[in-house]
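Engineer: Dropping in run10.pdb, which is PDB, C-alpha atoms, pLDDT in the B column:
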ATOM      1  CA  MET A  21     -19.331 311.597  47.066  1.00 44.00           C
ATOM      2  CA  VAL A  22     -22.096 312.753  49.391  1.00 48.00           C
ATOM      3  CA  ASN A  23     -25.646 312.905  47.982  1.00 66.00           C
ATOM      4  CA  PHE A  24     -24.449 311.215  44.815  1.00 79.00           C
ATOM      5  CA  ASP A  25     -26.683 311.704  41.770  1.00 83.00           C
ATOM      6  CA  ILE A  26     -25.793 309.601  38.713  1.00 83.00           C
ATOM      7  CA  LYS A  27     -27.693 311.807  36.283  1.00 82.00           C
ATOM      8  CA  GLU A  28     -26.037 314.955  37.579  1.00 83.00           C
ATOM      9  CA  THR A  29     -22.618 313.313  37.466  1.00 84.00           C
ATOM     10  CA  LEU A  30     -23.131 312.065  33.901  1.00 84.00           C
ATOM     11  CA  SER A  31     -24.356 315.514  32.853  1.00 82.00           C
ATOM     12  CA  GLY A  32     -21.005 317.004  33.780  1.00 80.00           C
ATOM     13  CA  ARG A  33     -17.530 316.146  32.688  1.00 76.00           C
ATOM     14  CA  ASP A  34     -15.834 316.221  36.062  1.00 79.00           C
ATOM     15  CA  TYR A  35     -15.268 312.505  36.618  1.00 82.00           C
ATOM     16  CA  LYS A  36     -12.921 309.712  35.658  1.00 87.00           C
ATOM     17  CA  ALA A  37     -14.777 306.794  34.093  1.00 88.00           C
ATOM     18  CA  PRO A  38     -12.929 303.978  35.916  1.00 90.00           C
ATOM     19  CA  ALA A  39     -13.322 305.703  39.291  1.00 91.00           C
ATOM     20  CA  LEU A  40     -17.017 306.352  38.671  1.00 92.00           C
ATOM     21  CA  ALA A  41     -17.534 302.725  37.606  1.00 93.00           C
ATOM     22  CA  ASN A  42     -15.855 301.527  40.805  1.00 93.00           C
ATOM     23  CA  TYR A  43     -18.003 303.850  42.901  1.00 93.00           C
ATOM     24  CA  ILE A  44     -21.190 302.637  41.217  1.00 94.00           C
ATOM     25  CA  LEU A  45     -20.269 298.987  41.785  1.00 95.00           C
ATOM     26  CA  GLU A  46     -19.202 299.596  45.385  1.00 94.00           C
ATOM     27  CA  HIS A  47     -22.543 301.253  46.147  1.00 94.00           C
ATOM     28  CA  HIS A  48     -24.661 298.828  44.076  1.00 94.00           C
ATOM     29  CA  LEU A  49     -25.955 301.553  41.761  1.00 93.00           C
ATOM     30  CA  GLU A  50     -25.619 299.615  38.519  1.00 94.00           C
ATOM     31  CA  ASN A  51     -29.403 299.256  38.055  1.00 93.00           C
ATOM     32  CA  GLU A  52     -29.836 303.031  38.221  1.00 92.00           C
ATOM     33  CA  LEU A  53     -26.880 303.508  35.863  1.00 93.00           C
ATOM     34  CA  VAL A  54     -28.314 301.097  33.293  1.00 94.00           C
ATOM     35  CA  ASP A  55     -31.695 302.844  33.538  1.00 91.00           C
ATOM     36  CA  TYR A  56     -30.055 306.155  32.624  1.00 88.00           C
ATOM     37  CA  ALA A  57     -27.852 304.570  29.976  1.00 90.00           C
ATOM     38  CA  LEU A  58     -30.828 303.036  28.177  1.00 90.00           C
ATOM     39  CA  ALA A  59     -33.575 305.592  28.746  1.00 81.00           C
ATOM     40  CA  GLN A  60     -31.931 308.792  27.595  1.00 61.00           C
ATOM     41  CA  SER A  61     -31.232 309.895  24.058  1.00 64.00           C
ATOM     42  CA  ASN A  62     -28.525 312.433  24.724  1.00 78.00           C
ATOM     43  CA  GLU A  63     -25.126 312.772  26.371  1.00 79.00           C
ATOM     44  CA  ILE A  64     -26.358 311.050  29.525  1.00 82.00           C
ATOM     45  CA  GLU A  65     -27.070 307.915  27.508  1.00 85.00           C
ATOM     46  CA  TRP A  66     -23.675 308.010  25.780  1.00 86.00           C
ATOM     47  CA  ARG A  67     -21.793 308.599  28.984  1.00 89.00           C
ATOM     48  CA  GLY A  68     -23.931 306.132  30.906  1.00 91.00           C
ATOM     49  CA  ILE A  69     -23.274 303.244  28.533  1.00 93.00           C
ATOM     50  CA  TRP A  70     -19.575 304.131  28.611  1.00 93.00           C
ATOM     51  CA  ILE A  71     -19.607 303.732  32.390  1.00 94.00           C
ATOM     52  CA  VAL A  72     -21.599 300.482  32.077  1.00 95.00           C
ATOM     53  CA  ASP A  73     -18.805 299.247  29.790  1.00 95.00           C
ATOM     54  CA  HIS A  74     -16.238 300.162  32.463  1.00 95.00           C
ATOM     55  CA  CYS A  75     -18.331 298.400  35.129  1.00 95.00           C
ATOM     56  CA  SER A  76     -18.407 295.329  32.898  1.00 95.00           C
ATOM     57  CA  GLU A  77     -14.614 295.335  32.664  1.00 95.00           C
ATOM     58  CA  ILE A  78     -14.310 295.583  36.446  1.00 95.00           C
ATOM     59  CA  ASP A  79     -16.931 292.965  37.372  1.00 95.00           C
ATOM     60  CA  GLU A  80     -18.711 291.315  34.475  1.00 93.00           C
ATOM     61  CA  LYS A  81     -21.008 289.326  36.780  1.00 95.00           C
ATOM     62  CA  ARG A  82     -22.586 292.531  38.051  1.00 95.00           C
ATOM     63  CA  ILE A  83     -23.550 293.588  34.519  1.00 95.00           C
ATOM     64  CA  LYS A  84     -24.751 290.140  33.420  1.00 95.00           C
ATOM     65  CA  PRO A  85     -28.324 290.691  34.738  1.00 95.00           C
ATOM     66  CA  PHE A  86     -28.633 293.588  32.274  1.00 95.00           C
ATOM     67  CA  HIS A  87     -27.467 291.734  29.159  1.00 95.00           C
ATOM     68  CA  GLU A  88     -30.895 291.302  27.605  1.00 94.00           C
ATOM     69  CA  ARG A  89     -31.796 294.950  28.195  1.00 94.00           C
ATOM     70  CA  LEU A  90     -28.513 296.097  26.681  1.00 95.00           C
ATOM     71  CA  ILE A  91     -29.037 293.980  23.570  1.00 95.00           C
ATOM     72  CA  LYS A  92     -32.702 294.966  23.182  1.00 94.00           C
ATOM     73  CA  ASN A  93     -31.604 298.604  23.332  1.00 93.00           C
ATOM     74  CA  LEU A  94     -29.912 298.071  19.956  1.00 94.00           C
ATOM     75  CA  LYS A  95     -33.397 297.854  18.420  1.00 93.00           C
ATOM     76  CA  LYS A  96     -33.892 301.587  18.935  1.00 90.00           C
ATOM     77  CA  GLU A  97     -33.840 303.807  15.883  1.00 85.00           C
ATOM     78  CA  LYS A  98     -31.104 306.415  15.580  1.00 83.00           C
ATOM     79  CA  LEU A  99     -28.899 305.206  18.400  1.00 88.00           C
ATOM     80  CA  HIS A 100     -25.725 307.184  18.824  1.00 87.00           C
ATOM     81  CA  GLY A 101     -22.650 305.316  17.599  1.00 90.00           C
ATOM     82  CA  SER A 102     -21.023 305.412  21.029  1.00 90.00           C
ATOM     83  CA  VAL A 103     -23.981 303.533  22.522  1.00 92.00           C
ATOM     84  CA  ILE A 104     -23.637 300.813  19.888  1.00 95.00           C
ATOM     85  CA  ARG A 105     -19.839 300.715  20.237  1.00 95.00           C
ATOM     86  CA  CYS A 106     -19.876 300.350  24.034  1.00 95.00           C
ATOM     87  CA  THR A 107     -22.649 297.754  23.933  1.00 96.00           C
ATOM     88  CA  LEU A 108     -20.742 295.643  21.420  1.00 97.00           C
ATOM     89  CA  ARG A 109     -17.527 296.038  23.452  1.00 96.00           C
ATOM     90  CA  ILE A 110     -19.303 294.440  26.390  1.00 96.00           C
ATOM     91  CA  PHE A 111     -20.346 291.458  24.289  1.00 96.00           C
ATOM     92  CA  GLN A 112     -16.904 290.910  22.812  1.00 95.00           C
ATOM     93  CA  THR A 113     -15.947 289.292  26.114  1.00 94.00           C
ATOM     94  CA  GLN A 114     -19.215 288.265  27.748  1.00 93.00           C
ATOM     95  CA  VAL A 115     -21.524 285.404  26.946  1.00 91.00           C
ATOM     96  CA  ILE A 116     -24.580 286.474  25.007  1.00 93.00           C
ATOM     97  CA  PRO A 117     -27.952 285.194  26.244  1.00 91.00           C
ATOM     98  CA  LYS A 118     -29.148 282.397  23.925  1.00 93.00           C
ATOM     99  CA  ARG A 119     -32.478 284.165  23.347  1.00 94.00           C
ATOM    100  CA  GLN A 120     -30.627 287.183  21.983  1.00 95.00           C
ATOM    101  CA  GLU A 121     -27.991 285.450  19.846  1.00 96.00           C
ATOM    102  CA  SER A 122     -29.960 285.515  16.606  1.00 96.00           C
ATOM    103  CA  PHE A 123     -30.905 289.176  16.934  1.00 97.00           C
ATOM    104  CA  LEU A 124     -27.367 290.237  17.855  1.00 97.00           C
ATOM    105  CA  LEU A 125     -25.881 288.134  15.064  1.00 97.00           C
ATOM    106  CA  ASP A 126     -28.142 289.813  12.486  1.00 97.00           C
ATOM    107  CA  LYS A 127     -27.470 293.261  13.938  1.00 97.00           C
ATOM    108  CA  CYS A 128     -23.702 292.741  13.876  1.00 97.00           C
ATOM    109  CA  TYR A 129     -23.768 291.518  10.271  1.00 97.00           C
ATOM    110  CA  THR A 130     -25.696 294.680   9.391  1.00 96.00           C
ATOM    111  CA  TYR A 131     -23.049 296.836  11.077  1.00 96.00           C
ATOM    112  CA  LEU A 132     -20.172 294.877   9.556  1.00 95.00           C
ATOM    113  CA  LYS A 133     -21.398 294.978   5.968  1.00 92.00           C
ATOM    114  CA  ASN A 134     -22.136 298.709   5.986  1.00 91.00           C
ATOM    115  CA  PRO A 135     -18.910 300.682   5.398  1.00 89.00           C
ATOM    116  CA  TYR A 136     -20.536 303.829   6.769  1.00 91.00           C
ATOM    117  CA  TRP A 137     -20.583 302.516  10.330  1.00 93.00           C
ATOM    118  CA  PRO A 138     -17.578 303.585  12.403  1.00 93.00           C
ATOM    119  CA  ILE A 139     -14.570 301.274  12.403  1.00 93.00           C
ATOM    120  CA  ALA A 140     -14.882 300.423  16.111  1.00 94.00           C
ATOM    121  CA  ILE A 141     -18.469 299.229  15.616  1.00 96.00           C
ATOM    122  CA  ARG A 142     -17.553 297.134  12.579  1.00 95.00           C
ATOM    123  CA  SER A 143     -14.481 295.633  14.293  1.00 95.00           C
ATOM    124  CA  SER A 144     -16.439 294.775  17.432  1.00 96.00           C
ATOM    125  CA  SER A 145     -19.145 293.239  15.255  1.00 97.00           C
ATOM    126  CA  ILE A 146     -16.617 290.818  13.777  1.00 97.00           C
ATOM    127  CA  THR A 147     -15.638 289.611  17.242  1.00 97.00           C
ATOM    128  CA  VAL A 148     -19.230 289.294  18.444  1.00 97.00           C
ATOM    129  CA  ILE A 149     -20.206 287.350  15.307  1.00 97.00           C
ATOM    130  CA  PHE A 150     -17.205 285.080  15.732  1.00 97.00           C
ATOM    131  CA  ASN A 151     -17.954 284.423  19.402  1.00 96.00           C
ATOM    132  CA  ILE A 152     -21.553 283.471  18.629  1.00 96.00           C
ATOM    133  CA  SER A 153     -20.524 281.393  15.613  1.00 95.00           C
ATOM    134  CA  LYS A 154     -18.021 279.319  17.608  1.00 93.00           C
ATOM    135  CA  ARG A 155     -20.967 277.655  19.313  1.00 90.00           C
ATOM    136  CA  TYR A 156     -22.594 276.851  15.964  1.00 91.00           C
ATOM    137  CA  PRO A 157     -20.055 275.393  13.515  1.00 85.00           C
ATOM    138  CA  GLU A 158     -22.381 275.886  10.534  1.00 89.00           C
ATOM    139  CA  LEU A 159     -22.149 279.645  11.104  1.00 94.00           C
ATOM    140  CA  ILE A 160     -18.351 279.677  11.035  1.00 94.00           C
ATOM    141  CA  GLU A 161     -18.252 279.019   7.293  1.00 93.00           C
ATOM    142  CA  GLU A 162     -20.754 281.827   6.681  1.00 94.00           C
ATOM    143  CA  LEU A 163     -18.559 284.240   8.641  1.00 96.00           C
ATOM    144  CA  LYS A 164     -15.448 283.085   6.797  1.00 94.00           C
ATOM    145  CA  VAL A 165     -17.078 283.688   3.398  1.00 94.00           C
ATOM    146  CA  CYS A 166     -18.280 287.122   4.516  1.00 94.00           C
ATOM    147  CA  LEU A 167     -14.826 288.137   5.775  1.00 95.00           C
ATOM    148  CA  LEU A 168     -13.060 286.876   2.661  1.00 93.00           C
ATOM    149  CA  HIS A 169     -15.525 288.853   0.567  1.00 91.00           C
ATOM    150  CA  LEU A 170     -15.013 292.034   2.595  1.00 90.00           C
ATOM    151  CA  MET A 171     -11.232 291.937   2.888  1.00 83.00           C
ATOM    152  CA  PRO A 172     -10.227 292.980  -0.662  1.00 80.00           C
ATOM    153  CA  SER A 173     -12.573 295.980  -0.644  1.00 78.00           C
ATOM    154  CA  GLU A 174     -11.698 297.093   2.890  1.00 76.00           C
ATOM    155  CA  ALA A 175      -9.482 300.162   2.929  1.00 73.00           C
ATOM    156  CA  ASP A 176      -9.157 300.521   6.698  1.00 82.00           C
ATOM    157  CA  ALA A 177      -6.164 298.849   8.328  1.00 86.00           C
ATOM    158  CA  ALA A 178      -7.988 298.203  11.628  1.00 87.00           C
ATOM    159  CA  ILE A 179     -10.813 296.298   9.930  1.00 88.00           C
ATOM    160  CA  THR A 180      -8.377 294.396   7.706  1.00 90.00           C
ATOM    161  CA  SER A 181      -6.327 293.435  10.763  1.00 92.00           C
ATOM    162  CA  ARG A 182      -9.425 292.224  12.634  1.00 94.00           C
ATOM    163  CA  ILE A 183     -10.518 290.244   9.562  1.00 94.00           C
ATOM    164  CA  ARG A 184      -7.100 288.572   9.276  1.00 93.00           C
ATOM    165  CA  SER A 185      -6.906 287.689  12.956  1.00 95.00           C
ATOM    166  CA  THR A 186     -10.454 286.308  12.920  1.00 95.00           C
ATOM    167  CA  LEU A 187      -9.716 284.227   9.805  1.00 95.00           C
ATOM    168  CA  LYS A 188      -6.682 282.783  11.638  1.00 95.00           C
ATOM    169  CA  GLU A 189      -8.916 281.891  14.600  1.00 95.00           C
ATOM    170  CA  ILE A 190     -11.420 280.282  12.234  1.00 94.00           C
ATOM    171  CA  GLU A 191      -8.639 278.169  10.714  1.00 92.00           C
ATOM    172  CA  LYS A 192      -7.726 276.920  14.200  1.00 91.00           C
ATOM    173  CA  LEU A 193     -11.313 275.761  14.711  1.00 86.00           C
ATOM    174  CA  GLN A 194     -11.639 273.925  11.429  1.00 78.00           C
ATOM    175  CA  PRO A 195     -10.350 270.356  11.116  1.00 73.00           C
ATOM    176  CA  LYS A 196      -7.237 269.919   8.995  1.00 67.00           C
ATOM    177  CA  SER A 197      -7.881 268.127   5.727  1.00 56.00           C
ATOM    178  CA  LYS A 198      -5.288 265.582   4.567  1.00 49.00           C
TER     179      LYS A 198
END
Could I get this structure in the form of structure tokens?
Structural biologist:
Amino acid sequence: MVNFDIKETLSGRDYKAPALANYILEHHLENELVDYALAQSNEIEWRGIWIVDHCSEIDEKRIKPFHERLIKNLKKEKLHGSVIRCTLRIFQTQVIPKRQESFLLDKCYTYLKNPYWPIAIRSSSITVIFNISKRYPELIEELKVCLLHLMPSEADAAITSRIRSTLKEIEKLQPKSK
């Protein structure tokens, strides 16, 4: 790719996300990518955050310096669902900065409790909440109560499955009573 322009590439559809993510990491262009992913409010933003997600899967350490910016981006009004989904996907597997845990926890509970959010956002929210809560045992019980409350009213199989698997993980964390 001679004279590579991230914005131009993201504006088109003639790329494979994993290959583009590899190229960006190989050429140390992740800062520019994140700038586009967070600054735009159109297809460039959606596609940019999708590529950031791919970069995170390839080399999570290279995306770690952008964690706070990615989380703070969730404060924007009227974010496209794909931006939220890809951001939460990143934090299903990566450690969340301590300063951002409370905000992200609240945001994920908001997504989870609202049945109008897409399934992928709600499912990812469960995992992010659980991962934060594991570090704070008092929050585990709150998550458990929330999930037990949601499960009977949840019609979607994907959410129900994520709830069940998370409840099983919670049980593993809690001491057995005799």
Engineer: Identify which of the residues A:Lys95, A:Arg109, A:Arg67, A:Leu49 lies closest to A:Asp34, counting only C-alpha atoms when measuring atom-to-atom distances.
Structural biologist: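 Distance minimum relative to A:Asp34 lands on A:Arg67.
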Engineer: Given the file shown, enumerate the residues that the PyMOL selection byres ((chain A and resi 164) around 12) captures and present them as a ChimeraX atom specification.
Structural biologist: /A:146,149-150,153-154,157-163,165-171,183-191,193-194
Engineer: Rank nothing, just name the residue among A:Ser144, A:Glu63, A:Leu53, A:Lys118 nearest to A:Ser31, using only C-alpha atoms.
Structural biologist: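 Among A:Ser144, A:Glu63, A:Leu53, A:Lys118, it is A:Glu63 that comes nearest to A:Ser31.
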Engineer: One number please: atom CA of A:Lys127 to atom CA of A:Ala178, in Å, one decimal.
Structural biologist: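 If I compute the distance from atom CA of A:Lys127 to atom CA of A:Ala178, I get 20.2 Å.
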Engineer: What does the structure give for the distance between atom CA of A:Gln114 and atom CA of A:Trp70, in Å to one decimal?
Structural biologist: 15.9 Å
Engineer: Evaluate the PyMOL selection byres ((chain A and resi 133) around 12) here and jot the selected residues down as a PyMOL selection string.
Structural biologist: chain A and resi 126-132+134-139+141-143+145-146+163+166-167+169-171+173-174+179
Engineer: Would you put the residues from that selection into a file with C-alpha atoms, as a PDB file, in the frame of the given file?
Structural biologist:
ATOM      1  CA  ASP A 126     -28.142 289.813  12.486  1.00 97.00           C
ATOM      2  CA  LYS A 127     -27.470 293.261  13.938  1.00 97.00           C
ATOM      3  CA  CYS A 128     -23.702 292.741  13.876  1.00 97.00           C
ATOM      4  CA  TYR A 129     -23.768 291.518  10.271  1.00 97.00           C
ATOM      5  CA  THR A 130     -25.696 294.680   9.391  1.00 96.00           C
ATOM      6  CA  TYR A 131     -23.049 296.836  11.077  1.00 96.00           C
ATOM      7  CA  LEU A 132     -20.172 294.877   9.556  1.00 95.00           C
ATOM      8  CA  ASN A 134     -22.136 298.709   5.986  1.00 91.00           C
ATOM      9  CA  PRO A 135     -18.910 300.682   5.398  1.00 89.00           C
ATOM     10  CA  TYR A 136     -20.536 303.829   6.769  1.00 91.00           C
ATOM     11  CA  TRP A 137     -20.583 302.516  10.330  1.00 93.00           C
ATOM     12  CA  PRO A 138     -17.578 303.585  12.403  1.00 93.00           C
ATOM     13  CA  ILE A 139     -14.570 301.274  12.403  1.00 93.00           C
ATOM     14  CA  ILE A 141     -18.469 299.229  15.616  1.00 96.00           C
ATOM     15  CA  ARG A 142     -17.553 297.134  12.579  1.00 95.00           C
ATOM     16  CA  SER A 143     -14.481 295.633  14.293  1.00 95.00           C
ATOM     17  CA  SER A 145     -19.145 293.239  15.255  1.00 97.00           C
ATOM     18  CA  ILE A 146     -16.617 290.818  13.777  1.00 97.00           C
ATOM     19  CA  LEU A 163     -18.559 284.240   8.641  1.00 96.00           C
ATOM     20  CA  CYS A 166     -18.280 287.122   4.516  1.00 94.00           C
ATOM     21  CA  LEU A 167     -14.826 288.137   5.775  1.00 95.00           C
ATOM     22  CA  HIS A 169     -15.525 288.853   0.567  1.00 91.00           C
ATOM     23  CA  LEU A 170     -15.013 292.034   2.595  1.00 90.00           C
ATOM     24  CA  MET A 171     -11.232 291.937   2.888  1.00 83.00           C
ATOM     25  CA  SER A 173     -12.573 295.980  -0.644  1.00 78.00           C
ATOM     26  CA  GLU A 174     -11.698 297.093   2.890  1.00 76.00           C
ATOM     27  CA  ILE A 179     -10.813 296.298   9.930  1.00 88.00           C
TER      28      ILE A 179
END
Engineer: Any idea what the distance is between atom CA of A:Ile44 and atom CA of A:Gly101?
Structural biologist: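 Separating atom CA of A:Ile44 from atom CA of A:Gly101 is a distance of 23.8 Å.
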Engineer: Given the choices A:Val103, A:Phe86, A:Lys81, A:Ala39, which gets closest to A:Glu65 if the distance is worked out from only C-alpha atoms?
Structural biologist: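 Using only C-alpha atoms, the shortest distance to A:Glu65 belongs to A:Val103.
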